[in-house]
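See below for work-v7.cif, which holds mmCIF, C-alpha atoms.
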```cif
data_model
#
loop_
_atom_site.group_PDB
_atom_site.id
_atom_site.type_symbol
_atom_site.label_atom_id
_atom_site.label_comp_id
_atom_site.auth_asym_id
_atom_site.auth_seq_id
_atom_site.Cartn_x
_atom_site.Cartn_y
_atom_site.Cartn_z
ATOM 1 C CA MET T 460 -84.203 -76.602 3.488
ATOM 2 C CA GLU T 461 -82.003 -77.643 6.415
ATOM 3 C CA VAL T 462 -83.668 -79.535 9.257
ATOM 4 C CA GLN T 463 -82.704 -76.971 11.895
ATOM 5 C CA GLU T 464 -84.057 -74.076 9.844
ATOM 6 C CA LEU T 465 -87.333 -75.905 9.242
ATOM 7 C CA GLN T 466 -87.702 -76.703 12.936
ATOM 8 C CA GLN T 467 -87.137 -73.072 13.856
ATOM 9 C CA ARG T 468 -89.636 -71.803 11.332
ATOM 10 C CA ILE T 469 -92.246 -74.320 12.477
ATOM 11 C CA ALA T 470 -91.693 -73.369 16.128
ATOM 12 C CA ALA T 471 -92.206 -69.682 15.312
ATOM 13 C CA PHE T 472 -95.942 -70.287 14.886
ATOM 14 C CA PRO T 473 -98.050 -70.370 18.075
ATOM 15 C CA ARG T 474 -100.457 -73.018 16.814
ATOM 16 C CA TRP T 475 -100.726 -75.727 14.150
ATOM 17 C CA HIS T 476 -104.106 -77.181 13.253
ATOM 18 C CA TYR T 477 -102.683 -80.037 11.156
ATOM 19 C CA ARG T 478 -99.763 -82.414 11.587
ATOM 20 C CA PHE T 479 -97.331 -82.381 8.679
ATOM 21 C CA GLU T 480 -94.397 -84.759 8.342
ATOM 22 C CA PHE T 481 -91.174 -83.780 6.594
ATOM 23 C CA ASP T 482 -87.857 -85.385 5.773
ATOM 24 C CA GLY T 483 -85.479 -85.781 8.674
ATOM 25 C CA GLY T 484 -88.265 -86.721 11.092
ATOM 26 C CA VAL T 485 -89.524 -83.133 11.401
ATOM 27 C CA THR T 486 -93.218 -82.720 12.222
ATOM 28 C CA THR T 487 -95.554 -79.878 13.107
ATOM 29 C CA PRO T 488 -96.869 -79.853 16.713
ATOM 30 C CA ILE T 489 -100.606 -80.351 16.214
ATOM 31 C CA PHE T 490 -102.485 -78.658 19.080
ATOM 32 C CA VAL T 491 -104.995 -81.513 19.641
ATOM 33 C CA PRO T 492 -103.346 -84.969 19.423
ATOM 34 C CA GLU T 493 -106.701 -86.683 18.716
ATOM 35 C CA HIS T 494 -106.914 -84.661 15.508
ATOM 36 C CA ILE T 495 -104.193 -86.805 13.947
ATOM 37 C CA ASN T 496 -106.760 -89.593 13.722
ATOM 38 C CA ARG T 497 -109.485 -87.095 12.839
ATOM 39 C CA VAL T 498 -107.620 -85.862 9.776
ATOM 40 C CA GLU T 499 -106.831 -89.366 8.532
ATOM 41 C CA GLN T 500 -110.445 -90.449 8.956
ATOM 42 C CA ARG T 501 -111.657 -87.335 7.118
ATOM 43 C CA ARG T 502 -109.274 -88.132 4.280
ATOM 44 C CA ARG T 503 -110.856 -91.560 3.918
ATOM 45 C CA TYR T 504 -114.300 -90.040 4.253
ATOM 46 C CA PHE T 505 -114.504 -87.220 1.732
ATOM 47 C CA PHE T 506 -111.162 -86.953 -0.063
ATOM 48 C CA ASP T 507 -111.239 -90.585 -1.190
ATOM 49 C CA ALA T 508 -114.821 -89.984 -2.343
ATOM 50 C CA LEU T 509 -113.597 -87.054 -4.440
ATOM 51 C CA LEU T 510 -110.940 -89.224 -6.072
ATOM 52 C CA GLN T 511 -113.532 -91.915 -6.678
ATOM 53 C CA VAL T 512 -115.577 -89.426 -8.683
ATOM 54 C CA THR T 513 -112.563 -88.030 -10.578
ATOM 55 C CA GLY T 514 -111.233 -91.406 -11.656
ATOM 56 C CA GLY T 515 -108.594 -91.945 -8.976
ATOM 57 C CA SER T 516 -106.567 -88.754 -9.338
ATOM 58 C CA LEU T 517 -106.840 -85.007 -9.835
ATOM 59 C CA ARG T 518 -104.651 -84.856 -12.918
ATOM 60 C CA GLY T 519 -105.958 -82.263 -15.320
ATOM 61 C CA HIS T 520 -107.826 -80.454 -12.537
ATOM 62 C CA ARG T 521 -107.345 -77.014 -11.046
ATOM 63 C CA VAL T 522 -108.356 -76.880 -7.389
ATOM 64 C CA LEU T 523 -109.538 -73.933 -5.286
ATOM 65 C CA ASP T 524 -109.264 -74.447 -1.519
ATOM 66 C CA LEU T 525 -111.463 -71.955 0.353
ATOM 67 C CA GLY T 526 -110.467 -71.479 3.977
ATOM 68 C CA CYS T 527 -107.273 -73.433 3.301
ATOM 69 C CA ASN T 528 -105.751 -73.125 6.789
ATOM 70 C CA ALA T 529 -102.152 -74.426 6.628
ATOM 71 C CA GLY T 530 -102.692 -76.063 3.256
ATOM 72 C CA PHE T 531 -103.229 -79.668 4.326
ATOM 73 C CA TRP T 532 -105.993 -80.401 1.809
ATOM 74 C CA ALA T 533 -104.312 -78.289 -0.860
ATOM 75 C CA LEU T 534 -101.244 -80.485 -0.410
ATOM 76 C CA SER T 535 -103.441 -83.574 -0.604
ATOM 77 C CA ALA T 536 -104.754 -82.279 -3.928
ATOM 78 C CA ILE T 537 -101.206 -81.717 -5.229
ATOM 79 C CA GLU T 538 -100.188 -85.214 -4.116
ATOM 80 C CA ALA T 539 -103.254 -86.538 -5.945
ATOM 81 C CA GLY T 540 -101.927 -84.978 -9.158
ATOM 82 C CA ALA T 541 -103.764 -81.642 -9.346
ATOM 83 C CA ASP T 542 -102.282 -79.338 -11.969
ATOM 84 C CA PHE T 543 -102.624 -76.244 -9.790
ATOM 85 C CA VAL T 544 -104.006 -75.292 -6.368
ATOM 86 C CA LEU T 545 -105.018 -71.873 -5.082
ATOM 87 C CA GLY T 546 -105.590 -71.609 -1.347
ATOM 88 C CA VAL T 547 -107.382 -68.628 0.202
ATOM 89 C CA ASP T 548 -107.592 -68.015 3.948
ATOM 90 C CA GLY T 549 -108.602 -65.052 6.070
ATOM 91 C CA ARG T 550 -105.678 -65.376 8.465
ATOM 92 C CA LYS T 551 -102.122 -64.436 7.512
ATOM 93 C CA MET T 552 -100.669 -67.046 9.869
ATOM 94 C CA HIS T 553 -102.370 -69.831 7.953
ATOM 95 C CA VAL T 554 -101.147 -68.512 4.611
ATOM 96 C CA ASP T 555 -97.584 -68.278 5.970
ATOM 97 C CA GLN T 556 -97.834 -71.825 7.305
ATOM 98 C CA ALA T 557 -99.100 -73.141 3.976
ATOM 99 C CA ASN T 558 -96.277 -71.461 2.078
ATOM 100 C CA LEU T 559 -93.745 -72.957 4.493
ATOM 101 C CA VAL T 560 -95.233 -76.434 4.129
ATOM 102 C CA PHE T 561 -95.178 -76.338 0.340
ATOM 103 C CA GLU T 562 -91.660 -74.923 0.293
ATOM 104 C CA ALA T 563 -90.424 -77.617 2.669
ATOM 105 C CA LYS T 564 -92.191 -80.295 0.625
ATOM 106 C CA GLY T 565 -90.452 -79.054 -2.507
ATOM 107 C CA VAL T 566 -93.658 -78.458 -4.472
ATOM 108 C CA ASP T 567 -93.089 -76.677 -7.774
ATOM 109 C CA PRO T 568 -94.077 -72.998 -7.173
ATOM 110 C CA ASP T 569 -95.831 -72.967 -10.549
ATOM 111 C CA ARG T 570 -98.359 -75.446 -9.176
ATOM 112 C CA TYR T 571 -99.665 -73.468 -6.226
ATOM 113 C CA ARG T 572 -100.391 -70.084 -4.693
ATOM 114 C CA PHE T 573 -101.733 -69.036 -1.298
ATOM 115 C CA GLU T 574 -103.468 -65.730 -0.677
ATOM 116 C CA GLN T 575 -104.857 -64.001 2.381
ATOM 117 C CA GLY T 576 -108.318 -62.531 2.065
ATOM 118 C CA ASN T 577 -111.982 -62.612 2.980
ATOM 119 C CA ILE T 578 -113.424 -65.053 0.462
ATOM 120 C CA PHE T 579 -116.457 -62.805 -0.057
ATOM 121 C CA GLU T 580 -114.287 -59.851 -1.030
ATOM 122 C CA HIS T 581 -111.230 -61.529 -2.530
ATOM 123 C CA ASP T 582 -110.946 -61.303 -6.302
ATOM 124 C CA ILE T 583 -110.504 -64.724 -7.884
ATOM 125 C CA GLU T 584 -110.331 -64.234 -11.619
ATOM 126 C CA GLU T 585 -109.154 -67.720 -12.592
ATOM 127 C CA SER T 586 -111.288 -70.772 -13.276
ATOM 128 C CA PHE T 587 -111.202 -73.995 -11.274
ATOM 129 C CA ASP T 588 -112.584 -77.487 -11.773
ATOM 130 C CA VAL T 589 -112.809 -78.488 -8.110
ATOM 131 C CA VAL T 590 -113.574 -76.377 -5.049
ATOM 132 C CA LEU T 591 -112.788 -77.583 -1.539
ATOM 133 C CA CYS T 592 -115.006 -76.005 1.112
ATOM 134 C CA LEU T 593 -113.938 -77.915 4.198
ATOM 135 C CA GLY T 594 -114.949 -76.705 7.635
ATOM 136 C CA LEU T 595 -116.087 -73.367 6.233
ATOM 137 C CA LEU T 596 -119.811 -73.296 5.427
ATOM 138 C CA TYR T 597 -120.940 -73.243 9.055
ATOM 139 C CA HIS T 598 -118.571 -70.342 9.814
ATOM 140 C CA VAL T 599 -120.177 -67.928 7.344
ATOM 141 C CA ALA T 600 -123.261 -65.709 7.370
ATOM 142 C CA LYS T 601 -123.739 -65.731 3.594
ATOM 143 C CA PRO T 602 -124.138 -69.320 2.376
ATOM 144 C CA PHE T 603 -125.819 -68.280 -0.881
ATOM 145 C CA GLU T 604 -122.982 -65.932 -1.733
ATOM 146 C CA LEU T 605 -120.511 -68.695 -0.927
ATOM 147 C CA PHE T 606 -122.134 -70.915 -3.541
ATOM 148 C CA GLU T 607 -122.255 -68.023 -5.967
ATOM 149 C CA ARG T 608 -118.479 -67.763 -5.713
ATOM 150 C CA ILE T 609 -118.097 -71.501 -6.180
ATOM 151 C CA THR T 610 -120.210 -71.170 -9.308
ATOM 152 C CA TRP T 611 -118.379 -68.096 -10.651
ATOM 153 C CA VAL T 612 -115.045 -69.941 -10.824
ATOM 154 C CA GLY T 613 -116.674 -72.591 -13.010
ATOM 155 C CA ALA T 614 -116.442 -75.500 -10.562
ATOM 156 C CA GLU T 615 -117.735 -78.828 -11.814
ATOM 157 C CA ILE T 616 -117.238 -80.446 -8.410
ATOM 158 C CA ALA T 617 -117.428 -79.040 -4.876
ATOM 159 C CA VAL T 618 -116.639 -80.886 -1.666
ATOM 160 C CA ILE T 619 -118.461 -79.499 1.368
ATOM 161 C CA ASP T 620 -117.606 -80.642 4.890
ATOM 162 C CA THR T 621 -119.637 -78.843 7.520
ATOM 163 C CA ALA T 622 -121.243 -78.961 10.917
ATOM 164 C CA ILE T 623 -124.987 -79.384 10.517
ATOM 165 C CA TYR T 624 -128.050 -78.540 12.579
ATOM 166 C CA ARG T 625 -130.001 -81.676 13.403
ATOM 167 C CA ALA T 626 -133.409 -81.131 11.843
ATOM 168 C CA SER T 627 -135.128 -82.735 8.861
ATOM 169 C CA ALA T 628 -136.232 -79.541 7.113
ATOM 170 C CA GLY T 629 -134.086 -77.328 4.914
ATOM 171 C CA LEU T 630 -133.194 -74.478 7.251
ATOM 172 C CA PHE T 631 -130.311 -72.648 8.940
ATOM 173 C CA LYS T 632 -129.696 -72.157 12.647
ATOM 174 C CA VAL T 633 -128.332 -68.810 13.828
ATOM 175 C CA LYS T 634 -125.137 -69.166 15.856
ATOM 176 C CA TYR T 635 -122.780 -66.646 17.429
ATOM 177 C CA GLU T 636 -118.995 -67.013 17.177
ATOM 178 C CA ASP T 637 -116.024 -65.324 18.805
ATOM 179 C CA LEU T 638 -114.047 -63.916 15.890
ATOM 180 C CA GLU T 639 -110.920 -63.911 18.063
ATOM 181 C CA ASN T 640 -111.076 -67.694 18.125
ATOM 182 C CA PRO T 641 -108.732 -69.017 15.399
ATOM 183 C CA MET T 642 -111.288 -71.760 14.705
ATOM 184 C CA ALA T 643 -113.987 -69.223 13.808
ATOM 185 C CA GLY T 644 -114.596 -67.332 10.592
ATOM 186 C CA VAL T 645 -113.388 -63.832 9.798
ATOM 187 C CA ASP T 646 -116.526 -62.264 8.339
ATOM 188 C CA TYR T 647 -119.411 -61.918 10.826
ATOM 189 C CA ALA T 648 -119.884 -63.062 14.420
ATOM 190 C CA VAL T 649 -123.401 -64.245 13.511
ATOM 191 C CA VAL T 650 -123.218 -67.313 11.273
ATOM 192 C CA LEU T 651 -125.716 -69.766 9.800
ATOM 193 C CA VAL T 652 -125.408 -73.499 10.468
ATOM 194 C CA PRO T 653 -127.239 -75.541 7.784
ATOM 195 C CA THR T 654 -129.267 -78.699 8.101
ATOM 196 C CA ARG T 655 -128.389 -81.582 5.821
ATOM 197 C CA GLN T 656 -131.355 -80.765 3.591
ATOM 198 C CA ALA T 657 -130.356 -77.097 3.454
ATOM 199 C CA VAL T 658 -126.982 -78.056 1.942
ATOM 200 C CA VAL T 659 -128.679 -80.240 -0.665
ATOM 201 C CA ASP T 660 -131.219 -77.523 -1.500
ATOM 202 C CA LEU T 661 -128.577 -74.805 -1.629
ATOM 203 C CA ALA T 662 -126.325 -76.776 -3.957
ATOM 204 C CA GLY T 663 -129.319 -77.660 -6.132
ATOM 205 C CA GLN T 664 -130.161 -73.978 -6.521
ATOM 206 C CA PHE T 665 -126.790 -73.562 -8.259
ATOM 207 C CA GLY T 666 -127.064 -76.592 -10.519
ATOM 208 C CA PHE T 667 -125.289 -79.239 -8.438
ATOM 209 C CA LYS T 668 -126.410 -82.776 -7.745
ATOM 210 C CA THR T 669 -125.444 -83.577 -4.185
ATOM 211 C CA ALA T 670 -124.535 -86.749 -2.332
ATOM 212 C CA PRO T 671 -124.491 -86.536 1.481
ATOM 213 C CA LEU T 672 -121.667 -88.975 2.229
ATOM 214 C CA ALA T 673 -122.265 -91.778 4.720
ATOM 215 C CA PRO T 674 -119.543 -91.674 7.389
ATOM 216 C CA ASN T 675 -117.111 -94.577 6.950
ATOM 217 C CA MET T 676 -114.836 -93.979 9.944
ATOM 218 C CA THR T 677 -112.995 -96.930 11.448
ATOM 219 C CA ASP T 678 -112.021 -94.966 14.568
ATOM 220 C CA TYR T 679 -114.112 -92.138 16.010
ATOM 221 C CA THR T 680 -111.365 -90.805 18.297
ATOM 222 C CA GLY T 681 -111.622 -87.023 18.107
ATOM 223 C CA MET T 682 -114.686 -87.299 15.844
ATOM 224 C CA GLN T 683 -117.682 -87.155 18.160
ATOM 225 C CA ASP T 684 -119.408 -84.614 15.912
ATOM 226 C CA TYR T 685 -119.342 -87.072 13.023
ATOM 227 C CA ARG T 686 -120.458 -89.963 15.235
ATOM 228 C CA ASN T 687 -123.462 -87.927 16.375
ATOM 229 C CA ARG T 688 -124.203 -86.830 12.798
ATOM 230 C CA ARG T 689 -123.671 -83.208 13.772
ATOM 231 C CA ARG T 690 -121.179 -82.947 10.940
ATOM 232 C CA LEU T 691 -121.351 -84.370 7.418
ATOM 233 C CA ALA T 692 -119.537 -84.120 4.124
ATOM 234 C CA PHE T 693 -121.268 -83.610 0.787
ATOM 235 C CA LEU T 694 -119.964 -84.186 -2.714
ATOM 236 C CA CYS T 695 -121.613 -81.847 -5.206
ATOM 237 C CA ALA T 696 -121.235 -82.324 -8.962
ATOM 238 C CA ARG T 697 -122.728 -80.807 -12.082
ATOM 239 C CA ASN T 698 -122.144 -83.694 -14.463
ATOM 240 C CA ALA T 699 -120.007 -86.347 -12.771
ATOM 241 C CA PRO T 700 -122.016 -89.423 -11.725
ATOM 242 C CA LEU T 701 -122.437 -89.860 -7.980
ATOM 243 C CA ASP T 702 -124.218 -93.222 -8.053
ATOM 244 C CA ALA T 703 -121.208 -95.188 -6.808
ATOM 245 C CA LEU T 704 -120.934 -93.158 -3.607
ATOM 246 C CA THR T 705 -122.407 -94.428 -0.343
ATOM 247 C CA ILE T 706 -125.145 -92.021 0.668
ATOM 248 C CA GLU T 707 -125.991 -91.074 4.243
ATOM 249 C CA THR T 708 -129.491 -92.399 4.940
ATOM 250 C CA ARG T 709 -129.610 -92.122 8.715
ATOM 251 C CA SER T 710 -132.347 -89.827 9.990
ATOM 252 C CA ALA T 711 -131.337 -86.194 10.378
ATOM 253 C CA VAL T 712 -133.004 -86.292 13.797
ATOM 254 C CA PRO T 713 -131.941 -89.238 16.020
ATOM 255 C CA PRO T 714 -134.682 -91.578 17.342
ATOM 256 C CA SER T 715 -133.937 -90.560 20.946
ATOM 257 C CA MET T 716 -134.582 -86.919 20.043
ATOM 258 C CA ILE T 717 -137.780 -87.823 18.183
ATOM 259 C CA LEU T 718 -139.009 -89.869 21.183
ATOM 260 C CA GLY T 719 -138.158 -86.981 23.503
ATOM 261 C CA ARG T 720 -140.154 -84.566 21.364
ATOM 262 C CA ILE T 721 -143.124 -86.941 21.293
ATOM 263 C CA LYS T 722 -143.054 -87.288 25.091
ATOM 264 C CA ALA T 723 -142.833 -83.522 25.525
ATOM 265 C CA THR T 724 -145.769 -83.010 23.160
ATOM 266 C CA VAL T 725 -147.874 -85.614 24.999
ATOM 267 C CA ARG T 726 -147.043 -84.073 28.390
ATOM 268 C CA THR T 727 -148.004 -80.632 27.108
ATOM 269 C CA ALA T 728 -151.309 -81.962 25.715
ATOM 270 C CA ILE T 729 -152.151 -83.726 28.975
ATOM 271 C CA THR T 730 -151.324 -80.642 31.053
ATOM 272 C CA ARG T 731 -153.499 -78.427 28.855
ATOM 273 C CA THR T 732 -156.338 -80.925 29.014
ATOM 274 C CA LEU T 733 -156.180 -81.147 32.800
ATOM 275 C CA ASN T 734 -156.032 -77.375 33.128
ATOM 276 C CA GLY T 735 -159.086 -77.110 30.921
ATOM 277 C CA LEU T 736 -160.999 -79.691 32.956
ATOM 278 C CA ARG T 737 -160.336 -77.837 36.190
ATOM 279 C CA GLY T 738 -162.457 -74.989 34.933
ATOM 280 C CA TRP T 739 -165.425 -77.349 34.635
ATOM 281 C CA LEU T 740 -165.052 -79.069 38.022
ATOM 282 C CA PRO T 741 -167.212 -77.989 40.961
ATOM 283 C CA ALA T 742 -165.328 -75.876 43.445
ATOM 284 C CA SER T 743 -165.709 -78.550 46.127
ATOM 285 C CA LEU T 744 -163.779 -81.090 43.998
ATOM 286 C CA GLY T 745 -160.918 -78.734 43.594
ATOM 287 C CA ARG T 746 -160.255 -78.563 47.362
#
```
Please go through the file and, once you have read it, give me the structure as structure tokens.
Amino acid sequence: MEVQELQQRIAAFPRWHYRFEFDGGVTTPIFVPEHINRVEQRRRYFFDALLQVTGGSLRGHRVLDLGCNAGFWALSAIEAGADFVLGVDGRKMHVDQANLVFEAKGVDPDRYRFEQGNIFEHDIEESFDVVLCLGLLYHVAKPFELFERITWVGAEIAVIDTAIYRASAGLFKVKYEDLENPMAGVDYAVVLVPTRQAVVDLAGQFGFKTAPLAPNMTDYTGMQDYRNRRRLAFLCARNAPLDALTIETRSAVPPSMILGRIKATVRTAITRTLNGLRGWLPASLGR
């Protein structure tokens, strides 16, 4: 593809979530510059962990990328040697971007396919070894059905990267999203944000061992959600050993929040006690 044609086709899109680099110095105009670092740090964080579990490459693996956006992680899988990648996204713009990226990168068309569709309604009749679920779980209202679909395709490994609700119990927080926002999901405006334990419990229900990955970022520019442990990645596997991975052990609820809750509880107890005592005091003492 000629440089000028590629530049024109890139410029035809109103927004790019990822920065791609092509021959001739052509790049996509990522809409948040800090996300250049964010993407590279995420690659080190969960994609390197995936390759660690699969022996250093994805050769011999078929990969399903749910909520593929412009195909950045699908391309990463291809570059890591994946035999085939299927990307599914609810927005046509993202599918068109992904097809352009793979065409411009010269990827063999027999090794990939991108399809538009709601992942809960889209028919996926093929089998896959690895499922990428990156930035998706907290945008859906049906987390159990999401894992059902991961299971139906025969996945041995699933990589989950998601915002999490900061609580120690296994539960989901109800959140409302604007479906017109290109960063939101395409299913329901009401979504469920999991706690760390909820992801582990959910994956376990479908036969996966799960390792919450300890963040290993060297630069937290554009990554405040990871710094605050409001977002984590999880590597889920049926049979592959996860012992070599570094597990996140930091408390799901930060000490400052715990201390704040303790203070609030003590204040409430004192107030109730004082209110109760007033009922026993002589009227003259209350003046």
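When only C-alpha atoms are used to compute distances to Glu584 of chain T, the closest of the residues T:Val566, T:Asn675, T:Asp542, T:Arg608 turns out to be T:Arg608.
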| task | Given the file shown, determine the residues that the PyMOL selection byres ((chain T and resi 493-504) around 12) selects; report them as a ChimeraX atom specification. | result | /T:475-480,486-492,505-511,531-532,535-536,539,593-594,618-621,671-686,690-694,704-707
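Counting from atom CA of Gln656 of chain T, the distance to atom CA of Leu596 of chain T is 13.9 Å.
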Got a sec to resolve the PyMOL selection byres ((chain T and resi 669) around 9) on this structure and send the residues as a tab-separated table (two decimals) with C-alpha atoms, in the frame of the given file?
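File expr_24.tsv, as written:
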```tsv
chain	number	residue	atom	x	y	z
T	658	VAL	CA	-126.98	-78.06	1.94
T	659	VAL	CA	-128.68	-80.24	-0.66
T	660	ASP	CA	-131.22	-77.52	-1.50
T	662	ALA	CA	-126.32	-76.78	-3.96
T	663	GLY	CA	-129.32	-77.66	-6.13
T	667	PHE	CA	-125.29	-79.24	-8.44
T	668	LYS	CA	-126.41	-82.78	-7.74
T	670	ALA	CA	-124.54	-86.75	-2.33
T	671	PRO	CA	-124.49	-86.54	1.48
T	693	PHE	CA	-121.27	-83.61	0.79
T	694	LEU	CA	-119.96	-84.19	-2.71
T	695	CYS	CA	-121.61	-81.85	-5.21
T	696	ALA	CA	-121.24	-82.32	-8.96
T	697	ARG	CA	-122.73	-80.81	-12.08
T	701	LEU	CA	-122.44	-89.86	-7.98
```
| message | Counting only C-alpha atoms, I want the residues whose atoms come within 10 Å of (-103.6, -83.3, -6.8) in the file frame, returned as a VMD selection string. | response | chain T and resid 510 516 to 522 532 to 544 570
Output the selection as a compact mmCIF listing (two decimals), keeping the file's coordinate frame - C-alpha atoms for each residue.
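Output (again27.txt):
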```txt
# COMPACT_ATOMS: atom_id res chain seq x y z
CA LEU T 510 -110.94 -89.22 -6.07
CA SER T 516 -106.57 -88.75 -9.34
CA LEU T 517 -106.84 -85.01 -9.84
CA ARG T 518 -104.65 -84.86 -12.92
CA GLY T 519 -105.96 -82.26 -15.32
CA HIS T 520 -107.83 -80.45 -12.54
CA ARG T 521 -107.34 -77.01 -11.05
CA VAL T 522 -108.36 -76.88 -7.39
CA TRP T 532 -105.99 -80.40 1.81
CA ALA T 533 -104.31 -78.29 -0.86
CA LEU T 534 -101.24 -80.48 -0.41
CA SER T 535 -103.44 -83.57 -0.60
CA ALA T 536 -104.75 -82.28 -3.93
CA ILE T 537 -101.21 -81.72 -5.23
CA GLU T 538 -100.19 -85.21 -4.12
CA ALA T 539 -103.25 -86.54 -5.94
CA GLY T 540 -101.93 -84.98 -9.16
CA ALA T 541 -103.76 -81.64 -9.35
CA ASP T 542 -102.28 -79.34 -11.97
CA PHE T 543 -102.62 -76.24 -9.79
CA VAL T 544 -104.01 -75.29 -6.37
CA ARG T 570 -98.36 -75.45 -9.18
```
| message | As an exercise, work out the distance from atom CA of Cys527 of chain T to atom CA of Leu595 of chain T in Å and give it to one decimal place. | response | 9.3 Å
| If you apply the PyMOL selection byres ((chain T and resi 615) around 7) to this file, what residues do you get, as a VMD selection string? | chain T and resid 588 to 589 613 to 614 616 to 617 696 to 697
| said: Calculated over all atoms listed in the file, which of the candidates T:Val650, T:Ala657, T:Val612, T:Glu604 has the smallest distance to Gly629 of chain T? | reply: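 For Gly629 of chain T, the nearest of the candidates is T:Ala657.
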| said: My list of candidates is T:Phe472, T:Tyr624, T:Phe665, T:Phe606. Which is closest to Leu591 of chain T when distances are computed with all atoms listed in the file? | reply: T:Phe606
| field | Shell around Val554 of chain T at 8 Å using all atoms listed in the file, local window under 6 positions removed, as a list in words | value |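 With the cut-off at 8 Å, the set is Cys527, Asn528, Ala529, Gly530, Val547, Asp548, Phe573, Glu574 and Gln575 of chain T.
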| task | Please indicate the distance in Å from atom CA of Glu607 of chain T to atom CA of Ala699 of chain T, rounded to one decimal place. | result | 19.7 Å
| note | For Val590 of chain T, the closest of T:Asn687, T:Thr610, T:Gln466, T:Asn698 counting all atoms listed in the file is T:Thr610
| task | Kindly indicate which residue among T:Asp482, T:Gln556, T:Arg550, T:Val633 lies nearest to Ile469 of chain T, using only C-alpha atoms for the distances. | result |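 Of T:Asp482, T:Gln556, T:Arg550, T:Val633, the one nearest Ile469 of chain T is T:Gln556, counting only C-alpha atoms.
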